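Engineer: Pasting a structure here, questions to come.
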Amino acid sequence: MRIWYERLSSKYRYDEIMICKIRNDWIDYMSSLKDEKVFAYLASELQDKKRRGDQITATRKVLAIESGFAELIGGDASSVLKKARDLNFKDVNREGYLAPEGKEFDFRGELQSKK
């Protein structure tokens, strides 16, 4: 998302209204990513339905901003986003590299055959 944010910031740098919207969305995105994790933890620890609702709201905000950025980027950005959302956590290592076809990463980050 950071790369998309930078690309959009560059593209709309002379459009005051649009650049403000993009910057505000980026700040909301970063905040919502953190909130999503915090509220998920609190909801599970405290069995708190309000925190669960807060987590859902943060998740929806993250998804909406990602989709909005993909729309502004255009091209195949929406299909790239869909593919990224469909990834399993074992498909990507800590550095962000995708596992080759038929392989996955274990908890140590080492490649192994898919089970």
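In the structure tokens, the first chain shown is A, the next is B, and so on; residue numbers restart at 1 for each chain, and ligands run from 1 in the order shown.
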Find the residues near region 88-91 of chain A: any atom within 7 Å, counting only C-alpha atoms, skip ones fewer than 6 places away on the same chain, and give them as a compact mmCIF listing (two decimals) with C-alpha atoms, in the first residue's frame.
Structural biologist:
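Saved file selection.txt follows:
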# COMPACT_ATOMS: atom_id res chain seq x y z
CA LEU A 98 5.99 -15.19 -2.38
CA ALA A 99 6.55 -18.93 -2.10
CA GLU A 104 4.84 -22.68 1.45
CA PHE A 105 6.82 -21.14 4.28
CA ASP A 106 6.90 -22.71 7.73
Engineer: Hey, what's within 10 Å of region 50-65 of chain A if we count only C-alpha atoms and toss same-chain stuff fewer than 5 positions away? As a ChimeraX atom specification, please?
Structural biologist: /A:1,22,25-26,28-44,70-71,81,85
Engineer: Using CA of Leu72 (chain A) and CA of Leu8 (chain A) as the two end points, give the distance in Å to one decimal.
Structural biologist: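 Distance between the two atoms: 7.5 Å.
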Engineer: Using only C-alpha atoms, find the one residue out of A:Phe69, A:Glu6, A:Glu101, A:Lys83 that sits nearest to Ser113 (chain A).
Structural biologist: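 Counting only C-alpha atoms, the residue closest to Ser113 (chain A) is A:Glu101.
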Engineer: Check chain A with DSSP on the backbone and list each residue it calls helix (DSSP H, G or I), as a PyMOL selection string.
Structural biologist: chain A and resi 2-11+16-46+49-73+77-85+89-91
Engineer: Write a file of the selected residues as an mmCIF file, in the first residue's frame, keeping C-alpha atoms.
Structural biologist:
data_model
loop_
_atom_site.group_PDB
_atom_site.id
_atom_site.type_symbol
_atom_site.label_atom_id
_atom_site.label_comp_id
_atom_site.auth_asym_id
_atom_site.auth_seq_id
_atom_site.Cartn_x
_atom_site.Cartn_y
_atom_site.Cartn_z
ATOM 1 C CA ARG A 2 2.873 2.376 0.674
ATOM 2 C CA ILE A 3 3.936 2.144 -2.957
ATOM 3 C CA TRP A 4 0.399 2.918 -4.104
ATOM 4 C CA TYR A 5 0.230 5.847 -1.682
ATOM 5 C CA GLU A 6 3.497 7.236 -3.034
ATOM 6 C CA ARG A 7 2.341 6.788 -6.619
ATOM 7 C CA LEU A 8 -0.972 8.535 -5.939
ATOM 8 C CA SER A 9 0.734 11.341 -4.009
ATOM 9 C CA SER A 10 2.983 11.948 -6.981
ATOM 10 C CA LYS A 11 0.143 11.750 -9.492
ATOM 11 C CA GLU A 16 -5.136 20.183 -3.613
ATOM 12 C CA ILE A 17 -8.471 18.499 -2.889
ATOM 13 C CA MET A 18 -7.394 15.070 -4.079
ATOM 14 C CA ILE A 19 -4.000 15.113 -2.344
ATOM 15 C CA CYS A 20 -5.673 16.050 0.948
ATOM 16 C CA LYS A 21 -8.090 13.155 0.570
ATOM 17 C CA ILE A 22 -5.270 10.723 -0.241
ATOM 18 C CA ARG A 23 -3.200 11.900 2.728
ATOM 19 C CA ASN A 24 -6.164 11.660 5.101
ATOM 20 C CA ASP A 25 -6.986 8.184 3.789
ATOM 21 C CA TRP A 26 -3.363 7.118 4.325
ATOM 22 C CA ILE A 27 -3.401 8.348 7.925
ATOM 23 C CA ASP A 28 -6.738 6.597 8.531
ATOM 24 C CA TYR A 29 -5.365 3.442 6.908
ATOM 25 C CA MET A 30 -2.282 3.313 9.113
ATOM 26 C CA SER A 31 -4.334 4.037 12.232
ATOM 27 C CA SER A 32 -6.964 1.456 11.311
ATOM 28 C CA LEU A 33 -4.355 -1.249 10.747
ATOM 29 C CA LYS A 34 -3.165 -0.756 14.311
ATOM 30 C CA ASP A 35 -6.692 -0.475 15.715
ATOM 31 C CA GLU A 36 -7.762 -3.638 13.936
ATOM 32 C CA LYS A 37 -5.094 -5.683 15.747
ATOM 33 C CA VAL A 38 -5.613 -4.019 19.121
ATOM 34 C CA PHE A 39 -9.383 -4.457 19.079
ATOM 35 C CA ALA A 40 -9.072 -8.079 17.918
ATOM 36 C CA TYR A 41 -6.806 -8.791 20.877
ATOM 37 C CA LEU A 42 -9.038 -6.976 23.358
ATOM 38 C CA ALA A 43 -12.160 -8.671 22.033
ATOM 39 C CA SER A 44 -10.607 -12.119 22.415
ATOM 40 C CA GLU A 45 -9.101 -11.427 25.839
ATOM 41 C CA LEU A 46 -12.086 -9.687 27.373
ATOM 42 C CA LYS A 49 -18.637 -7.386 21.968
ATOM 43 C CA LYS A 50 -18.034 -3.641 21.659
ATOM 44 C CA ARG A 51 -14.349 -4.254 20.931
ATOM 45 C CA ARG A 52 -15.326 -6.873 18.370
ATOM 46 C CA GLY A 53 -17.553 -4.274 16.690
ATOM 47 C CA ASP A 54 -14.669 -1.795 16.754
ATOM 48 C CA GLN A 55 -12.422 -4.384 15.120
ATOM 49 C CA ILE A 56 -14.970 -5.002 12.356
ATOM 50 C CA THR A 57 -15.260 -1.252 11.749
ATOM 51 C CA ALA A 58 -11.471 -0.885 11.523
ATOM 52 C CA THR A 59 -11.253 -3.846 9.142
ATOM 53 C CA ARG A 60 -13.943 -2.393 6.895
ATOM 54 C CA LYS A 61 -12.135 0.947 6.833
ATOM 55 C CA VAL A 62 -8.864 -0.773 5.837
ATOM 56 C CA LEU A 63 -10.598 -2.714 3.050
ATOM 57 C CA ALA A 64 -12.404 0.389 1.776
ATOM 58 C CA ILE A 65 -9.222 2.463 1.624
ATOM 59 C CA GLU A 66 -7.330 -0.343 -0.122
ATOM 60 C CA SER A 67 -10.123 -0.656 -2.681
ATOM 61 C CA GLY A 68 -10.238 3.117 -3.182
ATOM 62 C CA PHE A 69 -6.492 3.288 -3.790
ATOM 63 C CA ALA A 70 -6.716 0.386 -6.240
ATOM 64 C CA GLU A 71 -9.469 2.212 -8.135
ATOM 65 C CA LEU A 72 -7.392 5.387 -8.333
ATOM 66 C CA ILE A 73 -4.311 3.477 -9.473
ATOM 67 C CA ALA A 77 -4.484 -2.903 -9.378
ATOM 68 C CA SER A 78 -7.878 -4.322 -8.378
ATOM 69 C CA SER A 79 -6.901 -7.820 -9.504
ATOM 70 C CA VAL A 80 -3.544 -7.502 -7.699
ATOM 71 C CA LEU A 81 -5.390 -6.474 -4.545
ATOM 72 C CA LYS A 82 -7.790 -9.409 -4.844
ATOM 73 C CA LYS A 83 -4.880 -11.793 -5.299
ATOM 74 C CA ALA A 84 -3.116 -10.334 -2.243
ATOM 75 C CA ARG A 85 -6.265 -10.685 -0.125
ATOM 76 C CA PHE A 89 -0.063 -16.326 5.573
ATOM 77 C CA LYS A 90 2.152 -19.289 4.634
ATOM 78 C CA ASP A 91 2.374 -18.046 1.032
#
Engineer: Taking the DSSP assignment computed from this structure's backbone, write out as a PyMOL selection string all residues of chain A that belong to strand (DSSP E or B).
Structural biologist: chain A and resi 92+98+103-105+111-113
Engineer: So what do you get for CA of Gly102 (chain A) versus CA of Lys114 (chain A), distance-wise?
Structural biologist: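 CA of Lys114 (chain A) lies 5.7 Å from CA of Gly102 (chain A).
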Engineer: One decimal, Å: what's the distance from CA of Gly74 (chain A) over to CA of Asp86 (chain A), could you say?
Structural biologist: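 Distance reported for this atom pair: 19.5 Å.
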